[in-house]
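Heads up, start_11.cif below (mmCIF, C-alpha atoms):
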data_work
#
loop_
_atom_site.label_atom_id
_atom_site.label_comp_id
_atom_site.auth_asym_id
_atom_site.auth_seq_id
_atom_site.Cartn_x
_atom_site.Cartn_y
_atom_site.Cartn_z
CA MET A 1359 -184.86 -109.81 -22.77
CA SER A 1360 -181.66 -110.44 -24.73
CA ARG A 1361 -178.62 -108.17 -24.50
CA GLN A 1362 -179.21 -106.95 -28.05
CA VAL A 1363 -182.86 -106.06 -27.40
CA GLN A 1364 -181.79 -104.24 -24.24
CA GLY A 1365 -179.40 -102.24 -26.40
CA TYR A 1366 -182.22 -101.32 -28.78
CA VAL A 1367 -184.39 -100.11 -25.90
CA TYR A 1368 -181.58 -98.00 -24.41
CA LEU A 1369 -180.74 -96.44 -27.78
CA ALA A 1370 -184.38 -95.65 -28.53
CA LEU A 1371 -184.80 -93.98 -25.13
CA ALA A 1372 -181.56 -92.03 -25.66
CA MET A 1373 -182.83 -90.67 -28.98
CA LEU A 1374 -186.15 -89.82 -27.35
CA THR A 1375 -184.27 -87.60 -24.89
CA VAL A 1376 -182.35 -85.99 -27.76
CA GLY A 1377 -185.61 -85.18 -29.51
CA SER A 1378 -187.01 -83.76 -26.28
CA THR A 1379 -184.22 -81.15 -26.19
CA VAL A 1380 -186.04 -79.35 -28.98
CA VAL A 1381 -189.21 -79.02 -26.90
CA ALA A 1382 -187.18 -78.07 -23.81
CA SER A 1383 -185.29 -75.41 -25.80
CA LYS A 1384 -188.56 -74.02 -27.11
CA LEU A 1385 -189.78 -73.56 -23.52
CA ILE A 1386 -186.43 -72.09 -22.49
CA ALA A 1387 -186.50 -69.60 -25.37
CA SER A 1388 -189.72 -68.10 -24.03
CA GLY A 1389 -188.33 -67.30 -20.59
CA LEU A 1390 -184.51 -67.22 -20.44
CA PRO A 1391 -181.69 -65.63 -22.48
CA PRO A 1392 -179.66 -68.26 -24.38
CA PHE A 1393 -176.26 -67.87 -22.68
CA SER A 1394 -177.78 -67.69 -19.20
CA ALA A 1395 -179.78 -70.84 -19.89
CA THR A 1396 -176.71 -72.61 -21.26
CA ALA A 1397 -174.57 -71.65 -18.28
CA LEU A 1398 -177.30 -72.88 -15.91
CA ARG A 1399 -177.59 -76.15 -17.83
CA PHE A 1400 -173.91 -76.94 -17.41
CA ALA A 1401 -173.81 -75.67 -13.83
CA ILE A 1402 -176.38 -78.37 -13.02
CA ALA A 1403 -174.96 -81.16 -15.19
CA PHE A 1404 -171.27 -80.73 -14.29
CA PRO A 1405 -171.40 -81.82 -10.61
CA VAL A 1406 -173.65 -84.77 -11.52
CA LEU A 1407 -171.16 -85.92 -14.15
CA LEU A 1408 -168.32 -85.49 -11.65
CA LEU A 1409 -170.18 -87.76 -9.22
CA LEU A 1410 -170.62 -90.33 -11.97
CA MET A 1411 -166.90 -90.23 -12.68
CA ARG A 1412 -166.15 -90.73 -8.99
CA ALA A 1413 -168.64 -93.60 -8.72
CA THR A 1414 -167.22 -95.39 -11.77
CA GLY A 1415 -163.59 -94.68 -11.02
CA ALA A 1416 -163.13 -92.76 -14.27
CA ARG A 1417 -160.06 -90.54 -14.52
CA LEU A 1418 -159.08 -87.61 -16.71
CA PRO A 1419 -156.03 -88.37 -18.89
CA LYS A 1420 -153.00 -86.13 -19.11
CA LEU A 1421 -153.53 -83.79 -22.03
CA SER A 1422 -151.11 -81.89 -24.24
CA ARG A 1423 -151.46 -78.15 -24.79
CA GLN A 1424 -152.89 -78.81 -28.26
CA ASP A 1425 -155.52 -81.20 -26.89
CA ARG A 1426 -156.52 -78.68 -24.21
CA LEU A 1427 -156.97 -76.03 -26.90
CA ILE A 1428 -159.09 -78.41 -28.99
CA LEU A 1429 -161.28 -79.15 -25.97
CA VAL A 1430 -161.91 -75.45 -25.39
CA ILE A 1431 -162.88 -74.99 -29.04
CA GLN A 1432 -165.05 -78.11 -28.84
CA ALA A 1433 -166.86 -76.76 -25.80
CA GLY A 1434 -167.35 -73.41 -27.49
CA ALA A 1435 -168.82 -75.00 -30.63
CA GLY A 1436 -170.50 -78.24 -29.61
CA SER A 1437 -171.57 -77.31 -26.10
CA VAL A 1438 -172.18 -73.56 -25.97
CA GLY A 1439 -172.61 -72.85 -29.68
CA TYR A 1440 -175.08 -75.67 -30.24
CA THR A 1441 -177.23 -74.89 -27.20
CA THR A 1442 -177.36 -71.11 -27.59
CA LEU A 1443 -178.09 -71.28 -31.33
CA LEU A 1444 -180.78 -73.90 -30.74
CA ILE A 1445 -182.50 -71.75 -28.10
CA SER A 1446 -182.14 -68.59 -30.19
CA GLY A 1447 -183.50 -70.31 -33.28
CA LEU A 1448 -186.47 -71.73 -31.44
CA SER A 1449 -187.48 -68.24 -30.37
CA LEU A 1450 -188.19 -67.61 -34.05
CA THR A 1451 -189.29 -70.93 -35.54
CA SER A 1452 -191.37 -73.96 -34.60
CA ALA A 1453 -190.08 -76.98 -32.70
CA ALA A 1454 -191.40 -79.25 -35.45
CA ASP A 1455 -189.29 -77.51 -38.10
CA ALA A 1456 -186.29 -77.53 -35.77
CA GLY A 1457 -186.71 -81.27 -35.22
CA VAL A 1458 -186.44 -81.93 -38.95
CA ILE A 1459 -183.31 -79.79 -39.30
CA ILE A 1460 -181.58 -81.36 -36.28
CA GLY A 1461 -182.11 -84.77 -37.85
CA THR A 1462 -179.57 -83.86 -40.52
CA LEU A 1463 -176.69 -84.03 -38.00
CA PRO A 1464 -175.23 -87.39 -39.19
CA VAL A 1465 -175.22 -86.20 -42.79
CA VAL A 1466 -173.85 -82.74 -41.96
CA SER A 1467 -171.08 -84.31 -39.86
CA ALA A 1468 -170.06 -86.55 -42.75
CA ALA A 1469 -170.16 -83.62 -45.18
CA ILE A 1470 -167.95 -81.52 -42.87
CA SER A 1471 -165.41 -84.36 -42.82
CA ILE A 1472 -165.32 -84.31 -46.61
CA LEU A 1473 -164.90 -80.54 -46.83
CA LEU A 1474 -162.33 -80.08 -44.06
CA LEU A 1475 -160.52 -83.44 -43.99
CA ARG A 1476 -160.58 -83.93 -47.76
CA GLU A 1477 -162.10 -87.37 -47.34
CA ARG A 1478 -163.27 -88.98 -50.56
CA PRO A 1479 -167.08 -89.02 -50.61
CA GLN A 1480 -168.93 -92.24 -51.34
CA ARG A 1481 -171.87 -92.23 -53.71
CA ALA A 1482 -174.21 -93.15 -50.84
CA LEU A 1483 -173.03 -90.12 -48.86
CA LEU A 1484 -173.64 -87.75 -51.77
CA LEU A 1485 -177.17 -89.16 -52.10
CA ALA A 1486 -177.70 -88.75 -48.34
CA VAL A 1487 -176.58 -85.11 -48.52
CA ALA A 1488 -179.01 -84.49 -51.39
CA LEU A 1489 -181.90 -86.09 -49.47
CA ALA A 1490 -181.11 -84.19 -46.26
CA THR A 1491 -180.92 -80.93 -48.23
CA ALA A 1492 -184.29 -81.66 -49.82
CA GLY A 1493 -185.71 -82.29 -46.35
CA VAL A 1494 -184.52 -78.93 -45.03
CA LEU A 1495 -185.66 -77.07 -48.14
CA SER A 1496 -189.13 -78.61 -47.87
CA ILE A 1497 -189.72 -76.68 -44.65
CA ALA A 1498 -187.59 -73.62 -45.43
CA LEU A 1499 -189.21 -72.78 -48.75
CA THR A 1500 -192.90 -73.27 -48.00
CA PRO A 1501 -195.00 -70.34 -49.25
CA ASP A 1502 -196.27 -69.41 -45.78
CA THR A 1503 -192.83 -69.32 -44.15
CA ALA A 1504 -192.22 -65.89 -42.61
CA GLY A 1505 -188.89 -64.12 -42.51
CA GLY A 1506 -188.52 -64.76 -38.78
CA ALA A 1507 -189.02 -68.49 -39.28
CA LEU A 1508 -186.40 -68.51 -42.03
CA SER A 1509 -183.93 -66.81 -39.68
CA GLY A 1510 -184.82 -69.29 -36.95
CA ASN A 1511 -184.33 -72.25 -39.27
CA ALA A 1512 -180.95 -70.82 -40.31
CA LEU A 1513 -179.90 -70.57 -36.64
CA ILE A 1514 -180.98 -74.18 -36.04
CA PHE A 1515 -178.91 -75.32 -39.01
CA LEU A 1516 -175.90 -73.39 -37.68
CA ALA A 1517 -176.41 -75.25 -34.38
CA VAL A 1518 -176.20 -78.54 -36.31
CA VAL A 1519 -172.99 -77.33 -38.00
CA CYS A 1520 -171.55 -76.54 -34.56
CA GLU A 1521 -172.32 -80.05 -33.39
CA GLY A 1522 -170.78 -81.43 -36.57
CA LEU A 1523 -167.61 -79.46 -35.84
CA PHE A 1524 -167.61 -80.94 -32.34
CA ILE A 1525 -167.52 -84.43 -33.85
CA LEU A 1526 -164.80 -83.44 -36.32
CA LEU A 1527 -162.63 -81.86 -33.62
CA ASN A 1528 -162.97 -84.98 -31.50
CA LYS A 1529 -161.10 -86.86 -34.24
CA ARG A 1530 -158.22 -84.40 -33.93
CA LEU A 1531 -157.51 -85.21 -30.29
CA LYS A 1532 -154.21 -87.06 -29.91
CA THR A 1533 -155.16 -88.44 -26.50
CA GLU A 1534 -158.10 -90.82 -26.27
CA ILE A 1535 -160.64 -89.54 -23.73
CA ALA A 1536 -163.34 -91.83 -22.34
CA PRO A 1537 -166.91 -90.71 -23.14
CA LEU A 1538 -167.84 -89.91 -19.53
CA ALA A 1539 -164.66 -87.90 -19.00
CA LEU A 1540 -165.24 -86.03 -22.26
CA SER A 1541 -168.83 -85.19 -21.32
CA THR A 1542 -167.65 -83.95 -17.93
CA LEU A 1543 -164.96 -81.77 -19.49
CA MET A 1544 -167.45 -80.35 -21.99
CA ALA A 1545 -169.87 -79.46 -19.20
CA GLY A 1546 -167.18 -77.81 -17.08
CA ILE A 1547 -165.54 -75.85 -19.89
CA GLY A 1548 -168.94 -75.09 -21.42
CA PHE A 1549 -170.09 -73.49 -18.16
CA ILE A 1550 -167.06 -71.20 -18.09
CA VAL A 1551 -167.45 -70.23 -21.76
CA ALA A 1552 -171.20 -69.55 -21.42
CA ALA A 1553 -170.96 -67.75 -18.07
CA ILE A 1554 -168.91 -64.87 -19.49
CA PRO A 1555 -171.50 -63.61 -22.04
CA ALA A 1556 -174.30 -64.59 -19.63
CA ILE A 1557 -173.11 -61.85 -17.26
CA PHE A 1558 -174.03 -59.25 -19.87
CA GLU A 1559 -177.43 -60.86 -20.49
CA VAL A 1560 -178.66 -60.73 -16.92
CA PRO A 1561 -179.38 -56.95 -16.69
CA PHE A 1562 -181.53 -57.24 -19.81
CA ALA A 1563 -183.29 -60.44 -18.81
CA ASP A 1564 -186.89 -59.90 -17.85
CA GLY A 1565 -189.92 -62.10 -17.65
CA ILE A 1566 -187.96 -65.19 -16.55
CA SER A 1567 -190.52 -67.96 -16.24
CA ALA A 1568 -190.62 -70.97 -13.94
CA SER A 1569 -191.32 -73.22 -16.93
CA ALA A 1570 -188.11 -72.05 -18.62
CA VAL A 1571 -186.04 -72.77 -15.51
CA ALA A 1572 -187.70 -76.19 -15.14
CA ALA A 1573 -186.90 -76.90 -18.80
CA VAL A 1574 -183.22 -76.06 -18.17
CA VAL A 1575 -183.13 -78.44 -15.20
CA TYR A 1576 -184.73 -81.13 -17.35
CA TYR A 1577 -182.24 -80.46 -20.19
CA ALA A 1578 -179.31 -80.73 -17.76
CA LEU A 1579 -180.37 -83.94 -16.03
CA VAL A 1580 -182.32 -85.97 -18.59
CA PRO A 1581 -180.81 -85.43 -22.08
CA THR A 1582 -177.33 -84.32 -20.94
CA VAL A 1583 -176.74 -86.91 -18.20
CA GLY A 1584 -179.49 -89.50 -18.71
CA GLY A 1585 -179.17 -89.45 -22.50
CA PHE A 1586 -175.43 -90.04 -22.21
CA LEU A 1587 -175.90 -93.05 -19.92
CA LEU A 1588 -178.64 -94.54 -22.11
CA TRP A 1589 -176.72 -94.08 -25.36
CA TYR A 1590 -173.49 -95.71 -24.21
CA ALA A 1591 -175.35 -98.48 -22.38
CA GLY A 1592 -177.08 -99.27 -25.66
CA ALA A 1593 -174.06 -98.76 -27.92
CA GLU A 1594 -172.00 -101.32 -26.04
CA ARG A 1595 -174.68 -103.98 -26.65
CA VAL A 1596 -175.07 -103.59 -30.43
CA SER A 1597 -172.92 -102.98 -33.50
CA GLY A 1598 -171.90 -99.50 -34.63
CA THR A 1599 -174.14 -99.68 -37.70
CA GLU A 1600 -177.14 -100.66 -35.58
CA ALA A 1601 -176.47 -97.78 -33.19
CA ALA A 1602 -176.19 -95.35 -36.11
CA LEU A 1603 -179.64 -96.37 -37.31
CA PHE A 1604 -181.19 -95.18 -34.06
CA THR A 1605 -180.03 -91.60 -34.66
CA ALA A 1606 -182.93 -91.43 -37.14
CA LEU A 1607 -185.34 -91.55 -34.18
CA ALA A 1608 -184.23 -88.12 -32.89
CA PRO A 1609 -186.05 -85.98 -35.48
CA VAL A 1610 -189.11 -88.23 -35.31
CA SER A 1611 -189.34 -87.86 -31.54
CA ALA A 1612 -188.75 -84.10 -31.78
CA VAL A 1613 -191.61 -83.59 -34.25
CA MET A 1614 -193.99 -85.89 -32.36
CA LEU A 1615 -193.20 -84.28 -28.98
CA ALA A 1616 -193.71 -80.82 -30.51
CA PHE A 1617 -197.17 -81.98 -31.59
CA ILE A 1618 -198.06 -83.73 -28.30
CA ILE A 1619 -196.58 -81.32 -25.74
CA LEU A 1620 -196.57 -77.95 -27.51
CA GLY A 1621 -199.62 -78.55 -29.68
CA GLU A 1622 -197.77 -77.47 -32.82
CA PRO A 1623 -199.37 -78.49 -36.12
CA VAL A 1624 -197.51 -81.03 -38.22
CA GLY A 1625 -198.15 -80.36 -41.89
CA LEU A 1626 -197.15 -81.91 -45.18
CA SER A 1627 -193.92 -79.88 -45.29
CA GLN A 1628 -192.72 -81.36 -41.96
CA ILE A 1629 -193.80 -84.88 -42.99
CA ALA A 1630 -192.00 -84.56 -46.32
CA GLY A 1631 -188.94 -83.09 -44.63
CA ILE A 1632 -188.69 -85.78 -42.01
CA ALA A 1633 -189.17 -88.49 -44.65
CA CYS A 1634 -186.21 -87.13 -46.64
CA VAL A 1635 -184.06 -86.81 -43.52
CA LEU A 1636 -184.94 -90.33 -42.35
CA ALA A 1637 -184.10 -91.73 -45.78
CA ALA A 1638 -180.77 -89.89 -45.71
CA VAL A 1639 -179.78 -91.11 -42.23
CA LEU A 1640 -180.92 -94.69 -42.81
CA GLY A 1641 -179.20 -94.81 -46.19
CA LEU A 1642 -176.00 -93.49 -44.65
CA ALA A 1643 -176.08 -96.16 -41.94
CA PHE A 1644 -176.92 -99.02 -44.30
CA ALA A 1645 -174.09 -97.96 -46.60
CA GLY A 1646 -171.68 -98.63 -43.76
CA SER A 1647 -170.53 -95.05 -43.29
CA ARG A 1648 -169.03 -94.11 -39.96
CA SER A 1649 -171.49 -94.15 -37.13
CA VAL A 1650 -172.30 -90.91 -35.35
CA LYS A 1651 -172.27 -91.23 -31.59
CA LEU A 1652 -174.24 -89.03 -29.25
CA ALA A 1653 -171.90 -86.15 -28.80
CA GLY A 1654 -170.84 -85.24 -25.29
CA GLY A 1655 -171.44 -81.57 -26.07
CA ARG A 1656 -175.14 -82.14 -26.52
#

Please lay out the structure from this file as structure tokens.
Amino acid sequence: MSRQVQGYVYLALAMLTVGSTVVASKLIASGLPPFSATALRFAIAFPVLLLLMRATGARLPKLSRQDRLILVIQAGAGSVGYTTLLISGLSLTSAADAGVIIGTLPVVSAAISILLLRERPQRALLLAVALATAGVLSIALTPDTAGGALSGNALIFLAVVCEGLFILLNKRLKTEIAPLALSTLMAGIGFIVAAIPAIFEVPFADGISASAVAAVVYYALVPTVGGFLLWYAGAERVSGTEAALFTALAPVSAVMLAFIILGEPVGLSQIAGIACVLAAVLGLAFAGSRSVKLAGGR
């Protein structure tokens, strides 16, 4: 197997783990409060990431006060915000719908850069935004969509915006931080940020299920740690544009896993939505726009 093909396999597996976070979050939503689940996720992932840093000889760089502040905001948005909103949204909507919405991350990230950094949009990006919007609307405006599902879909989209802000804030760091070190920092800071509101959730938490706890353990070890290792192992073997193309597999895997594991129906609205999102992401990558790496906060 060539080095390039190895990269393709690693990237595909990484995106499979990203898609599986939707199913895991759906299981978590049925048995754990969102902040408690998020704090537990990072409490498990943080020591594992520290061990990886020790094994690889990775070191944390010296950071300025501004960079430390950015990291705290990053952890609050991309780590805690994304996870808690995803879990909260999935308590109201289906995993299949959530998978379609999460697939818009590359497009949303690029759109946020335009709005906040005043970057000049390319025609291909504007088309990608239009396609991604059509994909989300195809599931949000179906006649049989209940009010709770609409609220859930809105929370999922806010989770995507949080992850987009994570990517944007990463560009504002003055000190370059290696991916493993950044993921470790996000896990550590994310635990502290999530643990504070989690304290107030515990007295009201009832009906905690074993499946929800198992899903948190899976989320911490497989997508958070394993997905990180797979993504960067693949990304170093292929070009940035090739790696960006594989982000399109995340919504596909999320919808398929929702059907296979959760038994959720996949209708025409989800198929149409995922087709629009795939077209948007693939068009964005082919146009040579900046690649979107697997964020450490996820």

For a test of reading the model, state the distance in Å between CA of Ile1514 (chain A) and CA of Ala1403 (chain A), rounded to one decimal.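 We find that CA of Ile1514 (chain A) and CA of Ala1403 (chain A) lie 22.8 Å from each other.
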
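The list of residues within 9 Å of (-170.8, -81.6, -39.0), counted using all atoms listed in the file, is A:Leu1463, A:Pro1464, A:Val1465, A:Val1466, A:Ser1467, A:Ala1468, A:Ala1469, A:Ile1470, A:Ser1471, A:Val1518, A:Val1519, A:Cys1520, A:Glu1521, A:Gly1522, A:Leu1523, A:Phe1524, A:Ile1525, A:Leu1526.
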
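The gap separating CA of Leu1369 (chain A) from CA of Asn1528 (chain A) is 21.5 Å, in Å to one decimal.
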
For the file shown, report as a list in words the outcome of the PyMOL selection byres ((chain A and resi 1639) around 9) at residue level.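 For this structure, the PyMOL selection byres ((chain A and resi 1639) around 9) captures Gly1461, Thr1462, Leu1463, Pro1464, Val1465, Ala1486, Ala1490, Ala1602, Leu1603, Thr1605, Ala1606, Cys1634, Val1635, Leu1636, Ala1637, Ala1638, Leu1640, Gly1641, Leu1642, Ala1643 and Phe1644 of chain A.
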
Within 10 Å of region 1432-1443 of chain A, counting only C-alpha atoms, which residues qualify if same-chain residues fewer than 3 places away don't, as a PyMOL selection string? chain A and resi 1379+1383+1387+1391-1397+1399-1400+1426-1429+1446-1449+1510+1512-1528+1541+1543-1553+1653-1656

When you draw a straight line from CA of Ile1535 (chain A) to CA of Arg1478 (chain A), how long is it in Å?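 Separating CA of Ile1535 (chain A) from CA of Arg1478 (chain A) is a distance of 27.0 Å.
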
Residue nearest Pro1623 (chain A) among A:Leu1473, A:Ala1454, A:Leu1483, A:Ile1557 (counting only C-alpha atoms):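 Of A:Leu1473, A:Ala1454, A:Leu1483, A:Ile1557, the one nearest Pro1623 (chain A), counting only C-alpha atoms, is A:Ala1454.
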
Using only C-alpha atoms, determine which residues lie at most 7 Å from region 1416-1419 of chain A, disregarding the query and same-chain residues fewer than 3 positions distant; provide the list as a short mmCIF file (atom, residue, chain, number, x, y, z; two decimals) with C-alpha atoms, keeping the file's coordinate frame.
data_model
loop_
_atom_site.label_atom_id
_atom_site.label_comp_id
_atom_site.auth_asym_id
_atom_site.auth_seq_id
_atom_site.Cartn_x
_atom_site.Cartn_y
_atom_site.Cartn_z
CA MET A 1411 -166.90 -90.23 -12.68
CA ARG A 1412 -166.15 -90.73 -8.99
CA ILE A 1535 -160.64 -89.54 -23.73
CA ALA A 1539 -164.66 -87.90 -19.00
#

Where does the PyMOL selection byres ((chain A and resi 1364) around 12) land in this file, that is, which residues does it pick, as number ranges by chain? A: 1359-1363, 1365-1371, 1588-1596

Axis-aligned box over every listed atom of region 1621-1629 of chain A, padded by 3 Å per side: centre and edges in Å to one decimal, as JSON?
{"center_x": -196.2, "center_y": -81.2, "center_z": -37.5, "size_x": 12.9, "size_y": 13.4, "size_z": 21.6}

Find the residue from A:Leu1474, A:Ile1402, A:Val1494, A:Val1560 that sits nearest to Asp1455 (chain A); use all atoms listed in the file when measuring.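 Among the listed residues, A:Val1494 lies closest to Asp1455 (chain A).
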
Surrounding residues of Val1406 (chain A) excluding itself and chain neighbours under 6 positions, 9 Å, only C-alpha atoms, as a VMD selection string: chain A and resid 1542 1579 1583

Go through the shown structure with the PyMOL selection byres ((chain A and resi 1381) around 8) and write out the matching residues as a PyMOL selection string. chain A and resi 1377-1380+1382-1385+1453+1612+1615-1616+1619-1620

Which is closest to Met1614 (chain A) among A:Gly1457, A:Gly1493, A:Pro1537, A:Gly1565, if we use only C-alpha atoms?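 Among the listed residues, the smallest separation from Met1614 (chain A) belongs to A:Gly1457.
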
Take region 1482-1535 of chain A from the preceding structure and save C-alpha atoms as an mmCIF file, in the first residue's frame.
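Output (out-v1.cif):
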data_model
loop_
_atom_site.group_PDB
_atom_site.id
_atom_site.type_symbol
_atom_site.label_atom_id
_atom_site.label_comp_id
_atom_site.auth_asym_id
_atom_site.auth_seq_id
_atom_site.Cartn_x
_atom_site.Cartn_y
_atom_site.Cartn_z
ATOM 1 C CA ALA A 1482 -17.018 29.299 -5.537
ATOM 2 C CA LEU A 1483 -17.399 30.039 -1.822
ATOM 3 C CA LEU A 1484 -20.626 31.974 -2.344
ATOM 4 C CA LEU A 1485 -21.996 29.034 -4.339
ATOM 5 C CA ALA A 1486 -20.904 26.632 -1.585
ATOM 6 C CA VAL A 1487 -22.678 28.743 1.048
ATOM 7 C CA ALA A 1488 -25.853 28.717 -1.066
ATOM 8 C CA LEU A 1489 -25.707 24.928 -1.492
ATOM 9 C CA ALA A 1490 -25.028 24.318 2.207
ATOM 10 C CA THR A 1491 -27.928 26.616 3.127
ATOM 11 C CA ALA A 1492 -30.214 24.722 0.763
ATOM 12 C CA GLY A 1493 -29.111 21.470 2.408
ATOM 13 C CA VAL A 1494 -29.988 22.696 5.889
ATOM 14 C CA LEU A 1495 -33.293 24.188 4.760
ATOM 15 C CA SER A 1496 -34.273 20.905 3.104
ATOM 16 C CA ILE A 1497 -34.452 19.247 6.521
ATOM 17 C CA ALA A 1498 -35.504 22.277 8.563
ATOM 18 C CA LEU A 1499 -38.535 23.201 6.481
ATOM 19 C CA THR A 1500 -40.123 19.819 5.822
ATOM 20 C CA PRO A 1501 -43.881 19.864 6.494
ATOM 21 C CA ASP A 1502 -43.702 17.227 9.239
ATOM 22 C CA THR A 1503 -40.935 18.942 11.203
ATOM 23 C CA ALA A 1504 -42.114 19.626 14.768
ATOM 24 C CA GLY A 1505 -41.196 22.668 16.806
ATOM 25 C CA GLY A 1506 -38.882 20.633 19.024
ATOM 26 C CA ALA A 1507 -36.966 19.346 16.012
ATOM 27 C CA LEU A 1508 -36.593 22.887 14.693
ATOM 28 C CA SER A 1509 -35.144 23.974 18.043
ATOM 29 C CA GLY A 1510 -32.839 20.964 18.028
ATOM 30 C CA ASN A 1511 -31.650 21.710 14.501
ATOM 31 C CA ALA A 1512 -30.992 25.322 15.532
ATOM 32 C CA LEU A 1513 -28.868 24.125 18.476
ATOM 33 C CA ILE A 1514 -26.900 21.815 16.166
ATOM 34 C CA PHE A 1515 -26.224 24.707 13.802
ATOM 35 C CA LEU A 1516 -25.057 26.849 16.735
ATOM 36 C CA ALA A 1517 -22.669 24.009 17.617
ATOM 37 C CA VAL A 1518 -21.261 24.212 14.073
ATOM 38 C CA VAL A 1519 -20.857 27.987 14.472
ATOM 39 C CA CYS A 1520 -18.951 27.391 17.716
ATOM 40 C CA GLU A 1521 -16.598 25.021 15.939
ATOM 41 C CA GLY A 1522 -16.186 27.557 13.139
ATOM 42 C CA LEU A 1523 -15.219 30.179 15.724
ATOM 43 C CA PHE A 1524 -12.673 27.726 17.119
ATOM 44 C CA ILE A 1525 -11.013 27.540 13.699
ATOM 45 C CA LEU A 1526 -11.117 31.318 13.298
ATOM 46 C CA LEU A 1527 -9.618 31.938 16.743
ATOM 47 C CA ASN A 1528 -6.832 29.489 15.980
ATOM 48 C CA LYS A 1529 -5.692 31.865 13.225
ATOM 49 C CA ARG A 1530 -5.412 34.663 15.786
ATOM 50 C CA LEU A 1531 -2.812 32.873 17.902
ATOM 51 C CA LYS A 1532 0.570 34.581 17.646
ATOM 52 C CA THR A 1533 2.432 31.487 18.836
ATOM 53 C CA GLU A 1534 2.303 28.361 16.694
ATOM 54 C CA ILE A 1535 1.061 25.407 18.746
#
